[in-house]
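Colleague: Structure supplied as upload_3.txt; contents: compact mmCIF, N, CA and C atoms.
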```
# COMPACT_ATOMS: atom_id res chain seq x y z
N MET E 17 -151.10 -190.98 7.01
CA MET E 17 -151.33 -189.57 7.31
C MET E 17 -151.47 -188.82 5.98
N SER E 18 -152.52 -188.02 5.86
CA SER E 18 -152.72 -187.28 4.62
C SER E 18 -152.06 -185.90 4.70
N GLU E 19 -151.65 -185.44 3.56
CA GLU E 19 -150.98 -184.14 3.46
C GLU E 19 -152.02 -183.03 3.38
N VAL E 20 -151.82 -181.96 4.12
CA VAL E 20 -152.72 -180.81 4.07
C VAL E 20 -152.29 -179.93 2.89
N VAL E 21 -153.25 -179.62 2.03
CA VAL E 21 -152.99 -178.79 0.85
C VAL E 21 -153.65 -177.43 1.08
N SER E 22 -152.94 -176.37 0.81
CA SER E 22 -153.49 -175.03 1.02
C SER E 22 -154.58 -174.70 0.01
N LEU E 23 -155.43 -173.77 0.39
CA LEU E 23 -156.48 -173.30 -0.51
C LEU E 23 -155.85 -172.73 -1.79
N GLY E 24 -154.78 -171.97 -1.67
CA GLY E 24 -154.12 -171.40 -2.85
C GLY E 24 -153.63 -172.48 -3.81
N THR E 25 -153.07 -173.55 -3.27
CA THR E 25 -152.62 -174.67 -4.11
C THR E 25 -153.80 -175.30 -4.83
N LEU E 26 -154.90 -175.51 -4.09
CA LEU E 26 -156.10 -176.09 -4.72
C LEU E 26 -156.66 -175.17 -5.80
N GLN E 27 -156.66 -173.86 -5.55
CA GLN E 27 -157.15 -172.92 -6.57
C GLN E 27 -156.32 -173.02 -7.84
N ARG E 28 -155.02 -173.14 -7.71
CA ARG E 28 -154.17 -173.25 -8.90
C ARG E 28 -154.38 -174.58 -9.61
N GLN E 29 -154.57 -175.66 -8.85
CA GLN E 29 -154.85 -176.95 -9.46
C GLN E 29 -156.20 -176.92 -10.18
N PHE E 30 -157.18 -176.30 -9.55
CA PHE E 30 -158.50 -176.16 -10.15
C PHE E 30 -158.40 -175.41 -11.48
N THR E 31 -157.66 -174.32 -11.48
CA THR E 31 -157.52 -173.51 -12.69
C THR E 31 -156.88 -174.32 -13.82
N ARG E 32 -155.85 -175.09 -13.50
CA ARG E 32 -155.22 -175.92 -14.54
C ARG E 32 -156.20 -176.95 -15.09
N CYS E 33 -156.96 -177.58 -14.21
CA CYS E 33 -157.96 -178.55 -14.67
C CYS E 33 -159.04 -177.87 -15.51
N LEU E 34 -159.46 -176.68 -15.10
CA LEU E 34 -160.49 -175.94 -15.84
C LEU E 34 -160.01 -175.60 -17.25
N VAL E 35 -158.75 -175.18 -17.38
CA VAL E 35 -158.20 -174.88 -18.70
C VAL E 35 -158.23 -176.14 -19.57
N SER E 36 -157.91 -177.29 -18.97
CA SER E 36 -157.96 -178.55 -19.72
C SER E 36 -159.38 -178.89 -20.15
N LEU E 37 -160.36 -178.65 -19.27
CA LEU E 37 -161.76 -178.88 -19.63
C LEU E 37 -162.19 -177.98 -20.77
N GLU E 38 -161.81 -176.72 -20.70
CA GLU E 38 -162.17 -175.79 -21.77
C GLU E 38 -161.55 -176.21 -23.09
N ALA E 39 -160.32 -176.69 -23.07
CA ALA E 39 -159.66 -177.18 -24.29
C ALA E 39 -160.41 -178.40 -24.84
N LYS E 40 -160.86 -179.30 -23.95
CA LYS E 40 -161.60 -180.48 -24.39
C LYS E 40 -162.92 -180.08 -25.03
N ILE E 41 -163.62 -179.15 -24.42
CA ILE E 41 -164.90 -178.69 -24.98
C ILE E 41 -164.68 -178.18 -26.41
N LEU E 42 -163.67 -177.35 -26.60
CA LEU E 42 -163.39 -176.81 -27.94
C LEU E 42 -162.95 -177.92 -28.90
N ALA E 43 -162.11 -178.83 -28.45
CA ALA E 43 -161.63 -179.92 -29.30
C ALA E 43 -162.77 -180.84 -29.73
N ASP E 44 -163.80 -180.95 -28.90
CA ASP E 44 -164.94 -181.80 -29.23
C ASP E 44 -165.99 -181.08 -30.08
N GLY E 45 -165.68 -179.88 -30.55
CA GLY E 45 -166.56 -179.17 -31.46
C GLY E 45 -167.64 -178.33 -30.81
N PHE E 46 -167.50 -178.07 -29.53
CA PHE E 46 -168.44 -177.23 -28.81
C PHE E 46 -167.79 -175.88 -28.54
N GLU E 47 -168.59 -174.95 -28.08
CA GLU E 47 -168.09 -173.65 -27.60
C GLU E 47 -168.69 -173.41 -26.23
N PHE E 48 -168.19 -172.40 -25.55
CA PHE E 48 -168.70 -172.09 -24.22
C PHE E 48 -168.49 -170.62 -23.92
N THR E 49 -169.25 -170.15 -22.97
CA THR E 49 -168.98 -168.86 -22.34
C THR E 49 -168.90 -169.13 -20.84
N LEU E 50 -168.30 -168.20 -20.14
CA LEU E 50 -168.17 -168.34 -18.70
C LEU E 50 -169.44 -167.85 -18.01
N GLY E 51 -169.96 -168.67 -17.13
CA GLY E 51 -171.05 -168.26 -16.26
C GLY E 51 -170.44 -167.74 -14.97
N GLU E 52 -171.07 -168.06 -13.87
CA GLU E 52 -170.56 -167.57 -12.59
C GLU E 52 -169.28 -168.30 -12.20
N GLY E 53 -168.30 -167.53 -11.78
CA GLY E 53 -167.05 -168.06 -11.25
C GLY E 53 -167.00 -167.70 -9.78
N TYR E 54 -166.32 -166.61 -9.47
CA TYR E 54 -166.24 -166.17 -8.08
C TYR E 54 -167.59 -165.61 -7.63
N ARG E 55 -167.99 -165.97 -6.43
CA ARG E 55 -169.22 -165.45 -5.84
C ARG E 55 -168.86 -164.73 -4.54
N SER E 56 -169.21 -163.47 -4.45
CA SER E 56 -168.92 -162.70 -3.23
C SER E 56 -169.76 -163.23 -2.07
N PRO E 57 -169.32 -162.96 -0.84
CA PRO E 57 -170.13 -163.36 0.32
C PRO E 57 -171.53 -162.72 0.29
N GLU E 58 -171.60 -161.50 -0.22
CA GLU E 58 -172.90 -160.82 -0.30
C GLU E 58 -173.85 -161.53 -1.27
N GLN E 59 -173.31 -161.91 -2.44
CA GLN E 59 -174.13 -162.63 -3.41
C GLN E 59 -174.53 -164.00 -2.89
N ALA E 60 -173.60 -164.66 -2.20
CA ALA E 60 -173.92 -165.97 -1.61
C ALA E 60 -175.06 -165.85 -0.61
N ALA E 61 -175.04 -164.78 0.18
CA ALA E 61 -176.10 -164.57 1.17
C ALA E 61 -177.44 -164.36 0.46
N ILE E 62 -177.45 -163.58 -0.61
CA ILE E 62 -178.68 -163.36 -1.38
C ILE E 62 -179.16 -164.67 -1.99
N ASN E 63 -178.25 -165.43 -2.60
CA ASN E 63 -178.62 -166.69 -3.25
C ASN E 63 -179.20 -167.70 -2.27
N SER E 64 -178.79 -167.60 -1.00
CA SER E 64 -179.27 -168.57 -0.02
C SER E 64 -180.67 -168.23 0.49
N LEU E 65 -181.17 -167.04 0.18
CA LEU E 65 -182.51 -166.64 0.61
C LEU E 65 -183.58 -167.29 -0.25
N THR E 66 -184.73 -167.54 0.34
CA THR E 66 -185.88 -167.98 -0.45
C THR E 66 -186.35 -166.80 -1.31
N LEU E 67 -187.13 -167.08 -2.32
CA LEU E 67 -187.65 -166.00 -3.17
C LEU E 67 -188.53 -165.04 -2.36
N ILE E 68 -189.25 -165.56 -1.39
CA ILE E 68 -190.10 -164.72 -0.54
C ILE E 68 -189.23 -163.78 0.29
N ASP E 69 -188.16 -164.32 0.88
CA ASP E 69 -187.27 -163.48 1.68
C ASP E 69 -186.55 -162.45 0.82
N ARG E 70 -186.21 -162.81 -0.40
CA ARG E 70 -185.59 -161.82 -1.31
C ARG E 70 -186.55 -160.67 -1.57
N ALA E 71 -187.81 -160.99 -1.78
CA ALA E 71 -188.81 -159.94 -2.01
C ALA E 71 -188.93 -159.04 -0.79
N ARG E 72 -188.85 -159.61 0.39
CA ARG E 72 -188.92 -158.81 1.62
C ARG E 72 -187.72 -157.87 1.74
N VAL E 73 -186.53 -158.40 1.48
CA VAL E 73 -185.32 -157.57 1.54
C VAL E 73 -185.41 -156.45 0.51
N ALA E 74 -185.82 -156.81 -0.71
CA ALA E 74 -185.93 -155.82 -1.78
C ALA E 74 -186.90 -154.70 -1.40
N ALA E 75 -188.05 -155.07 -0.82
CA ALA E 75 -189.04 -154.06 -0.42
C ALA E 75 -188.49 -153.17 0.68
N PHE E 76 -187.74 -153.74 1.60
CA PHE E 76 -187.19 -152.99 2.73
C PHE E 76 -186.21 -151.91 2.29
N ILE E 77 -185.40 -152.20 1.27
CA ILE E 77 -184.36 -151.23 0.85
C ILE E 77 -184.75 -150.42 -0.38
N GLU E 78 -185.93 -150.66 -0.92
CA GLU E 78 -186.32 -150.07 -2.20
C GLU E 78 -186.25 -148.54 -2.22
N SER E 79 -186.71 -147.86 -1.20
CA SER E 79 -186.76 -146.40 -1.25
C SER E 79 -185.36 -145.77 -1.27
N LYS E 80 -184.41 -146.38 -0.58
CA LYS E 80 -183.08 -145.81 -0.51
C LYS E 80 -182.14 -146.36 -1.60
N TYR E 81 -182.34 -147.62 -1.98
CA TYR E 81 -181.45 -148.28 -2.95
C TYR E 81 -182.28 -148.98 -4.04
N PRO E 82 -182.94 -148.23 -4.89
CA PRO E 82 -183.86 -148.86 -5.86
C PRO E 82 -183.18 -149.80 -6.86
N VAL E 83 -181.99 -149.48 -7.29
CA VAL E 83 -181.30 -150.36 -8.25
C VAL E 83 -180.93 -151.68 -7.60
N LEU E 84 -180.38 -151.61 -6.40
CA LEU E 84 -180.04 -152.82 -5.66
C LEU E 84 -181.30 -153.63 -5.33
N SER E 85 -182.34 -152.94 -4.95
CA SER E 85 -183.60 -153.60 -4.64
C SER E 85 -184.11 -154.39 -5.84
N GLU E 86 -184.08 -153.79 -7.00
CA GLU E 86 -184.55 -154.47 -8.22
C GLU E 86 -183.66 -155.67 -8.55
N ALA E 87 -182.35 -155.53 -8.38
CA ALA E 87 -181.44 -156.64 -8.66
C ALA E 87 -181.73 -157.82 -7.75
N ILE E 88 -182.00 -157.55 -6.50
CA ILE E 88 -182.33 -158.63 -5.56
C ILE E 88 -183.69 -159.23 -5.90
N ARG E 89 -184.63 -158.38 -6.25
CA ARG E 89 -185.99 -158.85 -6.55
C ARG E 89 -186.02 -159.79 -7.76
N VAL E 90 -185.27 -159.47 -8.80
CA VAL E 90 -185.35 -160.26 -10.04
C VAL E 90 -184.36 -161.43 -10.05
N SER E 91 -183.46 -161.51 -9.09
CA SER E 91 -182.49 -162.59 -9.05
C SER E 91 -183.19 -163.92 -8.78
N VAL E 92 -182.92 -164.89 -9.62
CA VAL E 92 -183.47 -166.24 -9.40
C VAL E 92 -182.35 -167.25 -9.14
N SER E 93 -181.12 -166.75 -9.00
CA SER E 93 -180.01 -167.64 -8.69
C SER E 93 -180.31 -168.34 -7.38
N ARG E 94 -179.88 -169.59 -7.33
CA ARG E 94 -180.06 -170.33 -6.10
C ARG E 94 -178.69 -170.79 -5.64
N GLY E 95 -178.58 -171.10 -4.42
CA GLY E 95 -177.30 -171.54 -3.95
C GLY E 95 -177.23 -171.63 -2.45
N ILE E 96 -176.07 -172.04 -2.02
CA ILE E 96 -175.83 -172.15 -0.60
C ILE E 96 -174.91 -171.01 -0.18
N LYS E 97 -175.00 -170.64 1.06
CA LYS E 97 -174.18 -169.53 1.55
C LYS E 97 -172.70 -169.88 1.55
N ASN E 98 -172.37 -171.15 1.78
CA ASN E 98 -170.99 -171.60 1.87
C ASN E 98 -170.54 -172.28 0.57
N SER E 99 -170.75 -171.66 -0.56
CA SER E 99 -170.45 -172.25 -1.86
C SER E 99 -168.95 -172.24 -2.15
N VAL E 100 -168.48 -173.24 -2.91
CA VAL E 100 -167.08 -173.23 -3.33
C VAL E 100 -166.82 -172.14 -4.37
N HIS E 101 -167.86 -171.53 -4.92
CA HIS E 101 -167.67 -170.35 -5.78
C HIS E 101 -166.94 -169.26 -4.98
N GLY E 102 -167.28 -169.14 -3.71
CA GLY E 102 -166.65 -168.14 -2.85
C GLY E 102 -165.20 -168.44 -2.52
N LYS E 103 -164.79 -169.67 -2.74
CA LYS E 103 -163.39 -170.08 -2.52
C LYS E 103 -162.60 -170.10 -3.82
N LYS E 104 -163.22 -169.67 -4.91
CA LYS E 104 -162.61 -169.68 -6.24
C LYS E 104 -162.25 -171.11 -6.68
N LEU E 105 -163.17 -172.03 -6.34
CA LEU E 105 -162.99 -173.44 -6.70
C LEU E 105 -164.18 -173.95 -7.51
N ALA E 106 -164.87 -173.06 -8.21
CA ALA E 106 -166.02 -173.46 -9.03
C ALA E 106 -166.15 -172.52 -10.22
N GLN E 107 -166.66 -173.09 -11.30
CA GLN E 107 -166.94 -172.29 -12.49
C GLN E 107 -168.16 -172.89 -13.18
N ASP E 108 -169.13 -172.04 -13.49
CA ASP E 108 -170.27 -172.45 -14.30
C ASP E 108 -169.93 -172.12 -15.75
N LEU E 109 -170.23 -173.06 -16.64
CA LEU E 109 -169.96 -172.87 -18.07
C LEU E 109 -171.26 -172.95 -18.84
N ASN E 110 -171.42 -172.07 -19.82
CA ASN E 110 -172.56 -172.08 -20.73
C ASN E 110 -172.10 -172.76 -22.01
N LEU E 111 -172.70 -173.88 -22.34
CA LEU E 111 -172.26 -174.72 -23.44
C LEU E 111 -173.07 -174.42 -24.71
N PHE E 112 -172.37 -174.41 -25.85
CA PHE E 112 -172.99 -174.14 -27.15
C PHE E 112 -172.53 -175.16 -28.18
N LYS E 113 -173.43 -175.51 -29.09
CA LYS E 113 -173.10 -176.36 -30.23
C LYS E 113 -173.76 -175.75 -31.45
N ASN E 114 -172.96 -175.44 -32.46
CA ASN E 114 -173.46 -174.80 -33.69
C ASN E 114 -174.25 -173.53 -33.37
N GLY E 115 -173.79 -172.79 -32.37
CA GLY E 115 -174.42 -171.54 -32.00
C GLY E 115 -175.62 -171.67 -31.09
N ASP E 116 -176.08 -172.90 -30.83
CA ASP E 116 -177.24 -173.12 -29.98
C ASP E 116 -176.81 -173.31 -28.53
N PHE E 117 -177.47 -172.60 -27.63
CA PHE E 117 -177.21 -172.71 -26.19
C PHE E 117 -177.79 -174.01 -25.69
N LEU E 118 -176.96 -174.83 -25.07
CA LEU E 118 -177.37 -176.14 -24.58
C LEU E 118 -177.64 -176.06 -23.07
N THR E 119 -178.77 -176.59 -22.64
CA THR E 119 -179.15 -176.46 -21.24
C THR E 119 -179.45 -177.79 -20.56
N LYS E 120 -179.48 -178.87 -21.29
CA LYS E 120 -179.87 -180.16 -20.71
C LYS E 120 -178.67 -180.85 -20.07
N LYS E 121 -178.97 -181.57 -19.00
CA LYS E 121 -177.93 -182.31 -18.29
C LYS E 121 -177.16 -183.22 -19.24
N GLU E 122 -177.88 -183.89 -20.13
CA GLU E 122 -177.21 -184.82 -21.06
C GLU E 122 -176.24 -184.12 -22.02
N ASP E 123 -176.45 -182.83 -22.27
CA ASP E 123 -175.51 -182.07 -23.10
C ASP E 123 -174.17 -181.92 -22.39
N TYR E 124 -174.22 -181.76 -21.07
CA TYR E 124 -173.02 -181.54 -20.27
C TYR E 124 -172.38 -182.84 -19.79
N ALA E 125 -173.14 -183.93 -19.81
CA ALA E 125 -172.71 -185.18 -19.19
C ALA E 125 -171.33 -185.68 -19.65
N PRO E 126 -171.02 -185.69 -20.95
CA PRO E 126 -169.69 -186.18 -21.33
C PRO E 126 -168.56 -185.36 -20.72
N PHE E 127 -168.78 -184.07 -20.60
CA PHE E 127 -167.75 -183.20 -20.01
C PHE E 127 -167.72 -183.34 -18.49
N GLY E 128 -168.88 -183.54 -17.89
CA GLY E 128 -168.94 -183.75 -16.45
C GLY E 128 -168.24 -185.04 -16.04
N GLU E 129 -168.48 -186.10 -16.80
CA GLU E 129 -167.83 -187.37 -16.49
C GLU E 129 -166.33 -187.27 -16.70
N TRP E 130 -165.92 -186.59 -17.75
CA TRP E 130 -164.48 -186.38 -18.00
C TRP E 130 -163.87 -185.56 -16.87
N TRP E 131 -164.56 -184.50 -16.47
CA TRP E 131 -164.07 -183.60 -15.42
C TRP E 131 -163.77 -184.36 -14.14
N LYS E 132 -164.69 -185.25 -13.74
CA LYS E 132 -164.55 -185.95 -12.47
C LYS E 132 -163.30 -186.84 -12.43
N LYS E 133 -162.74 -187.16 -13.58
CA LYS E 133 -161.55 -188.01 -13.65
C LYS E 133 -160.25 -187.19 -13.60
N GLN E 134 -160.36 -185.88 -13.58
CA GLN E 134 -159.17 -185.03 -13.69
C GLN E 134 -158.48 -184.77 -12.35
N HIS E 135 -159.20 -184.94 -11.26
CA HIS E 135 -158.62 -184.65 -9.94
C HIS E 135 -159.47 -185.36 -8.89
N ILE E 136 -158.87 -185.78 -7.83
CA ILE E 136 -159.60 -186.49 -6.78
C ILE E 136 -160.71 -185.64 -6.17
N LEU E 137 -160.59 -184.33 -6.22
CA LEU E 137 -161.60 -183.43 -5.65
C LEU E 137 -162.56 -182.87 -6.69
N ALA E 138 -162.40 -183.22 -7.96
CA ALA E 138 -163.25 -182.67 -9.02
C ALA E 138 -164.69 -183.18 -8.87
N ARG E 139 -165.62 -182.26 -8.89
CA ARG E 139 -167.05 -182.58 -8.78
C ARG E 139 -167.80 -181.91 -9.93
N TRP E 140 -168.81 -182.63 -10.43
CA TRP E 140 -169.65 -182.09 -11.51
C TRP E 140 -171.05 -181.85 -10.98
N GLY E 141 -171.59 -180.68 -11.27
CA GLY E 141 -172.91 -180.31 -10.79
C GLY E 141 -174.04 -181.17 -11.31
N GLY E 142 -173.83 -181.88 -12.39
CA GLY E 142 -174.87 -182.78 -12.90
C GLY E 142 -175.22 -183.88 -11.91
N ASP E 143 -174.33 -184.14 -10.98
CA ASP E 143 -174.60 -185.13 -9.94
C ASP E 143 -175.47 -184.57 -8.82
N PHE E 144 -175.72 -183.24 -8.85
CA PHE E 144 -176.60 -182.63 -7.84
C PHE E 144 -177.44 -181.51 -8.44
N ASP E 145 -177.98 -181.77 -9.65
CA ASP E 145 -178.97 -180.89 -10.29
C ASP E 145 -178.46 -179.50 -10.64
N ASP E 146 -177.20 -179.43 -11.12
CA ASP E 146 -176.61 -178.15 -11.51
C ASP E 146 -175.58 -178.43 -12.61
N ALA E 147 -176.05 -178.88 -13.77
CA ALA E 147 -175.18 -179.48 -14.79
C ALA E 147 -174.09 -178.57 -15.33
N ASP E 148 -174.28 -177.26 -15.26
CA ASP E 148 -173.26 -176.35 -15.82
C ASP E 148 -172.15 -176.03 -14.83
N HIS E 149 -172.17 -176.67 -13.68
CA HIS E 149 -171.26 -176.39 -12.56
C HIS E 149 -170.10 -177.40 -12.52
N PHE E 150 -168.88 -176.87 -12.49
CA PHE E 150 -167.66 -177.69 -12.40
C PHE E 150 -166.86 -177.15 -11.22
N SER E 151 -166.49 -178.03 -10.28
CA SER E 151 -165.86 -177.53 -9.06
C SER E 151 -164.89 -178.54 -8.47
N PHE E 152 -164.21 -178.08 -7.43
CA PHE E 152 -163.42 -178.93 -6.54
C PHE E 152 -164.12 -178.92 -5.19
N GLU E 153 -164.24 -180.08 -4.59
CA GLU E 153 -164.80 -180.14 -3.25
C GLU E 153 -163.81 -179.53 -2.26
N TYR E 154 -164.36 -178.82 -1.27
CA TYR E 154 -163.52 -178.18 -0.26
C TYR E 154 -164.25 -178.18 1.06
N ASN E 155 -163.67 -178.80 2.05
CA ASN E 155 -164.29 -178.91 3.38
C ASN E 155 -165.72 -179.47 3.31
N GLY E 156 -165.90 -180.47 2.46
CA GLY E 156 -167.20 -181.13 2.35
C GLY E 156 -168.21 -180.44 1.46
N VAL E 157 -167.85 -179.29 0.89
CA VAL E 157 -168.75 -178.55 -0.01
C VAL E 157 -168.30 -178.80 -1.44
N ARG E 158 -169.25 -179.06 -2.31
CA ARG E 158 -168.91 -179.35 -3.70
C ARG E 158 -169.43 -178.32 -4.64
```
Could you express the structure from this file as structure tokens?
Modeller:
Amino acid sequence: MSEVVSLGTLQRQFTRCLVSLEAKILADGFEFTLGEGYRSPEQAAINSLTLIDRARVAAFIESKYPVLSEAIRVSVSRGIKNSVHGKKLAQDLNLFKNGDFLTKKEDYAPFGEWWKKQHILARWGGDFDDADHFSFEYNGVR
């Protein structure tokens, strides 16, 4: 019989593992900035739309909410509506070496492989085309 662990317990475990990952990145001579962490339900809904549907939503609200309309129109974030970002179990990291922003999967791979060994639920986005993403799986979502 497996033990049920609360979301709050997982969030705290995730945070401890994330701090360890950040320490490893620095110890290995890299730097980082924080990308997306928590994602609101509203942002998740926008991210789940196709670019065409985003344009439609933006056009519909443009006259009354021009700033919001523009933000939706220019957003290229992609994602699923039920992301673990919304459960506070994911963090995107922007990796740097000697001041250069690193964007290739292979730049993140050593940290992704290390991350996956830190917890049974630890998942690295490089395994699903999102290399800067570090998360815990929750209810089948990674």
Colleague: Please determine an axis-aligned box that encloses all atoms of stretch 38-47 of chain E listed in the file, with 4 Å added on each side, and express its centre and edge lengths in Å to one decimal as lines of an AutoDock Vina configuration file.
Modeller:
```
center_x = -164.2
center_y = -177.6
center_z = -26.1
size_x = 17.0
size_y = 16.4
size_z = 18.8
```
Colleague: Just the number, please: distance in Å from atom CA of E:Lys132 to atom CA of E:Asn114, one decimal.
Modeller: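 Going from atom CA of E:Lys132 over to atom CA of E:Asn114, I get 25.6 Å.
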Colleague: Go through stretch 101-143 of chain E residue by residue and, counting only N, CA and C atoms, keep those with an atom at most 8 Å from stretch 56-74 of chain E; for each kept residue give the shortest atom pair and its distance in Å to one decimal, ordered by chain and increasing number, as CSV.
Modeller:
```
residue,atom,partner,partner_atom,distance
E:His101,C,E:Ser56,N,6.2
E:Gly102,CA,E:Ser56,N,5.6
E:Lys103,N,E:Ser56,N,7.8
```
Colleague: Please indicate the distance in Å from atom N of E:Leu84 to atom C of E:Lys104, rounded to one decimal place.
Modeller: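 Atom C of E:Lys104 lies 26.6 Å from atom N of E:Leu84.
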Colleague: Rank nothing, just name the residue among E:Glu38, E:Gly45, E:Gly156, E:Phe144 nearest to E:Gly95, using only C-alpha atoms.
Modeller: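 Closest residue, counting only C-alpha atoms: E:Phe144.
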Colleague: At what distance in Å, to one decimal, does atom N of E:Trp140 lie from atom N of E:Phe46?
Modeller: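 Straight-line distance from atom N of E:Phe46 to atom N of E:Trp140 works out to 19.7 Å.
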Colleague: Which is closer to E:Ile77 than all the others in E:Asp116, E:Leu26, E:Tyr124, E:Arg89, using only C-alpha atoms?
Modeller: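 Selected residue with least distance to E:Ile77: E:Arg89.
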Colleague: Could you pull out the residues in stretch 17-157 of chain E that DSSP calls alpha helix (DSSP H) from the backbone, as a PyMOL selection string?
Modeller: chain E and resi 23-43+57-63+67-77+82-90+121-132
Colleague: For a cutoff of 12 Å around the file-coordinate point (-170.9, -186.2, -21.9), which residues qualify once you count only C-alpha atoms? I'd like the result as a list in words.
Modeller: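 Residues with an atom close enough to that point: Leu37, Lys40, Ile41, Asp44, Phe46, Leu111, Lys120, Lys121, Glu122, Asp123, Tyr124, Ala125, Pro126, Phe127, Gly128, Glu129, Trp130, Trp131, Lys132, Trp140, Gly142, Ala147 and Asp148 of chain E.
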Colleague: Keeping only N, CA and C atoms, write the selected residues as a PDB file, in the coordinates of the input.
Modeller:
```
ATOM      1  N   LEU E  37    -160.360-178.650 -19.270  1.00  0.00           N
ATOM      2  CA  LEU E  37    -161.760-178.880 -19.630  1.00  0.00           C
ATOM      3  C   LEU E  37    -162.190-177.980 -20.770  1.00  0.00           C
ATOM      4  N   LYS E  40    -160.860-179.300 -23.950  1.00  0.00           N
ATOM      5  CA  LYS E  40    -161.600-180.480 -24.390  1.00  0.00           C
ATOM      6  C   LYS E  40    -162.920-180.080 -25.030  1.00  0.00           C
ATOM      7  N   ILE E  41    -163.620-179.150 -24.420  1.00  0.00           N
ATOM      8  CA  ILE E  41    -164.900-178.690 -24.980  1.00  0.00           C
ATOM      9  C   ILE E  41    -164.680-178.180 -26.410  1.00  0.00           C
ATOM     10  N   ASP E  44    -163.800-180.950 -28.900  1.00  0.00           N
ATOM     11  CA  ASP E  44    -164.940-181.800 -29.230  1.00  0.00           C
ATOM     12  C   ASP E  44    -165.990-181.080 -30.080  1.00  0.00           C
ATOM     13  N   PHE E  46    -167.500-178.070 -29.530  1.00  0.00           N
ATOM     14  CA  PHE E  46    -168.440-177.230 -28.810  1.00  0.00           C
ATOM     15  C   PHE E  46    -167.790-175.880 -28.540  1.00  0.00           C
ATOM     16  N   LEU E 111    -172.700-173.880 -22.340  1.00  0.00           N
ATOM     17  CA  LEU E 111    -172.260-174.720 -23.440  1.00  0.00           C
ATOM     18  C   LEU E 111    -173.070-174.420 -24.710  1.00  0.00           C
ATOM     19  N   LYS E 120    -179.480-178.870 -21.290  1.00  0.00           N
ATOM     20  CA  LYS E 120    -179.870-180.160 -20.710  1.00  0.00           C
ATOM     21  C   LYS E 120    -178.670-180.850 -20.070  1.00  0.00           C
ATOM     22  N   LYS E 121    -178.970-181.570 -19.000  1.00  0.00           N
ATOM     23  CA  LYS E 121    -177.930-182.310 -18.290  1.00  0.00           C
ATOM     24  C   LYS E 121    -177.160-183.220 -19.240  1.00  0.00           C
ATOM     25  N   GLU E 122    -177.880-183.890 -20.130  1.00  0.00           N
ATOM     26  CA  GLU E 122    -177.210-184.820 -21.060  1.00  0.00           C
ATOM     27  C   GLU E 122    -176.240-184.120 -22.020  1.00  0.00           C
ATOM     28  N   ASP E 123    -176.450-182.830 -22.270  1.00  0.00           N
ATOM     29  CA  ASP E 123    -175.510-182.070 -23.100  1.00  0.00           C
ATOM     30  C   ASP E 123    -174.170-181.920 -22.390  1.00  0.00           C
ATOM     31  N   TYR E 124    -174.220-181.760 -21.070  1.00  0.00           N
ATOM     32  CA  TYR E 124    -173.020-181.540 -20.270  1.00  0.00           C
ATOM     33  C   TYR E 124    -172.380-182.840 -19.790  1.00  0.00           C
ATOM     34  N   ALA E 125    -173.140-183.930 -19.810  1.00  0.00           N
ATOM     35  CA  ALA E 125    -172.710-185.180 -19.190  1.00  0.00           C
ATOM     36  C   ALA E 125    -171.330-185.680 -19.650  1.00  0.00           C
ATOM     37  N   PRO E 126    -171.020-185.690 -20.950  1.00  0.00           N
ATOM     38  CA  PRO E 126    -169.690-186.180 -21.330  1.00  0.00           C
ATOM     39  C   PRO E 126    -168.560-185.360 -20.720  1.00  0.00           C
ATOM     40  N   PHE E 127    -168.780-184.070 -20.600  1.00  0.00           N
ATOM     41  CA  PHE E 127    -167.750-183.200 -20.010  1.00  0.00           C
ATOM     42  C   PHE E 127    -167.720-183.340 -18.490  1.00  0.00           C
ATOM     43  N   GLY E 128    -168.880-183.540 -17.890  1.00  0.00           N
ATOM     44  CA  GLY E 128    -168.940-183.750 -16.450  1.00  0.00           C
ATOM     45  C   GLY E 128    -168.240-185.040 -16.040  1.00  0.00           C
ATOM     46  N   GLU E 129    -168.480-186.100 -16.800  1.00  0.00           N
ATOM     47  CA  GLU E 129    -167.830-187.370 -16.490  1.00  0.00           C
ATOM     48  C   GLU E 129    -166.330-187.270 -16.700  1.00  0.00           C
ATOM     49  N   TRP E 130    -165.920-186.590 -17.750  1.00  0.00           N
ATOM     50  CA  TRP E 130    -164.480-186.380 -18.000  1.00  0.00           C
ATOM     51  C   TRP E 130    -163.870-185.560 -16.870  1.00  0.00           C
ATOM     52  N   TRP E 131    -164.560-184.500 -16.470  1.00  0.00           N
ATOM     53  CA  TRP E 131    -164.070-183.600 -15.420  1.00  0.00           C
ATOM     54  C   TRP E 131    -163.770-184.360 -14.140  1.00  0.00           C
ATOM     55  N   LYS E 132    -164.690-185.250 -13.740  1.00  0.00           N
ATOM     56  CA  LYS E 132    -164.550-185.950 -12.470  1.00  0.00           C
ATOM     57  C   LYS E 132    -163.300-186.840 -12.430  1.00  0.00           C
ATOM     58  N   TRP E 140    -168.810-182.630 -10.430  1.00  0.00           N
ATOM     59  CA  TRP E 140    -169.650-182.090 -11.510  1.00  0.00           C
ATOM     60  C   TRP E 140    -171.050-181.850 -10.980  1.00  0.00           C
ATOM     61  N   GLY E 142    -173.830-181.880 -12.390  1.00  0.00           N
ATOM     62  CA  GLY E 142    -174.870-182.780 -12.900  1.00  0.00           C
ATOM     63  C   GLY E 142    -175.220-183.880 -11.910  1.00  0.00           C
ATOM     64  N   ALA E 147    -176.050-178.880 -13.770  1.00  0.00           N
ATOM     65  CA  ALA E 147    -175.180-179.480 -14.790  1.00  0.00           C
ATOM     66  C   ALA E 147    -174.090-178.570 -15.330  1.00  0.00           C
ATOM     67  N   ASP E 148    -174.280-177.260 -15.260  1.00  0.00           N
ATOM     68  CA  ASP E 148    -173.260-176.350 -15.820  1.00  0.00           C
ATOM     69  C   ASP E 148    -172.150-176.030 -14.830  1.00  0.00           C
TER      70      ASP E 148
END
```
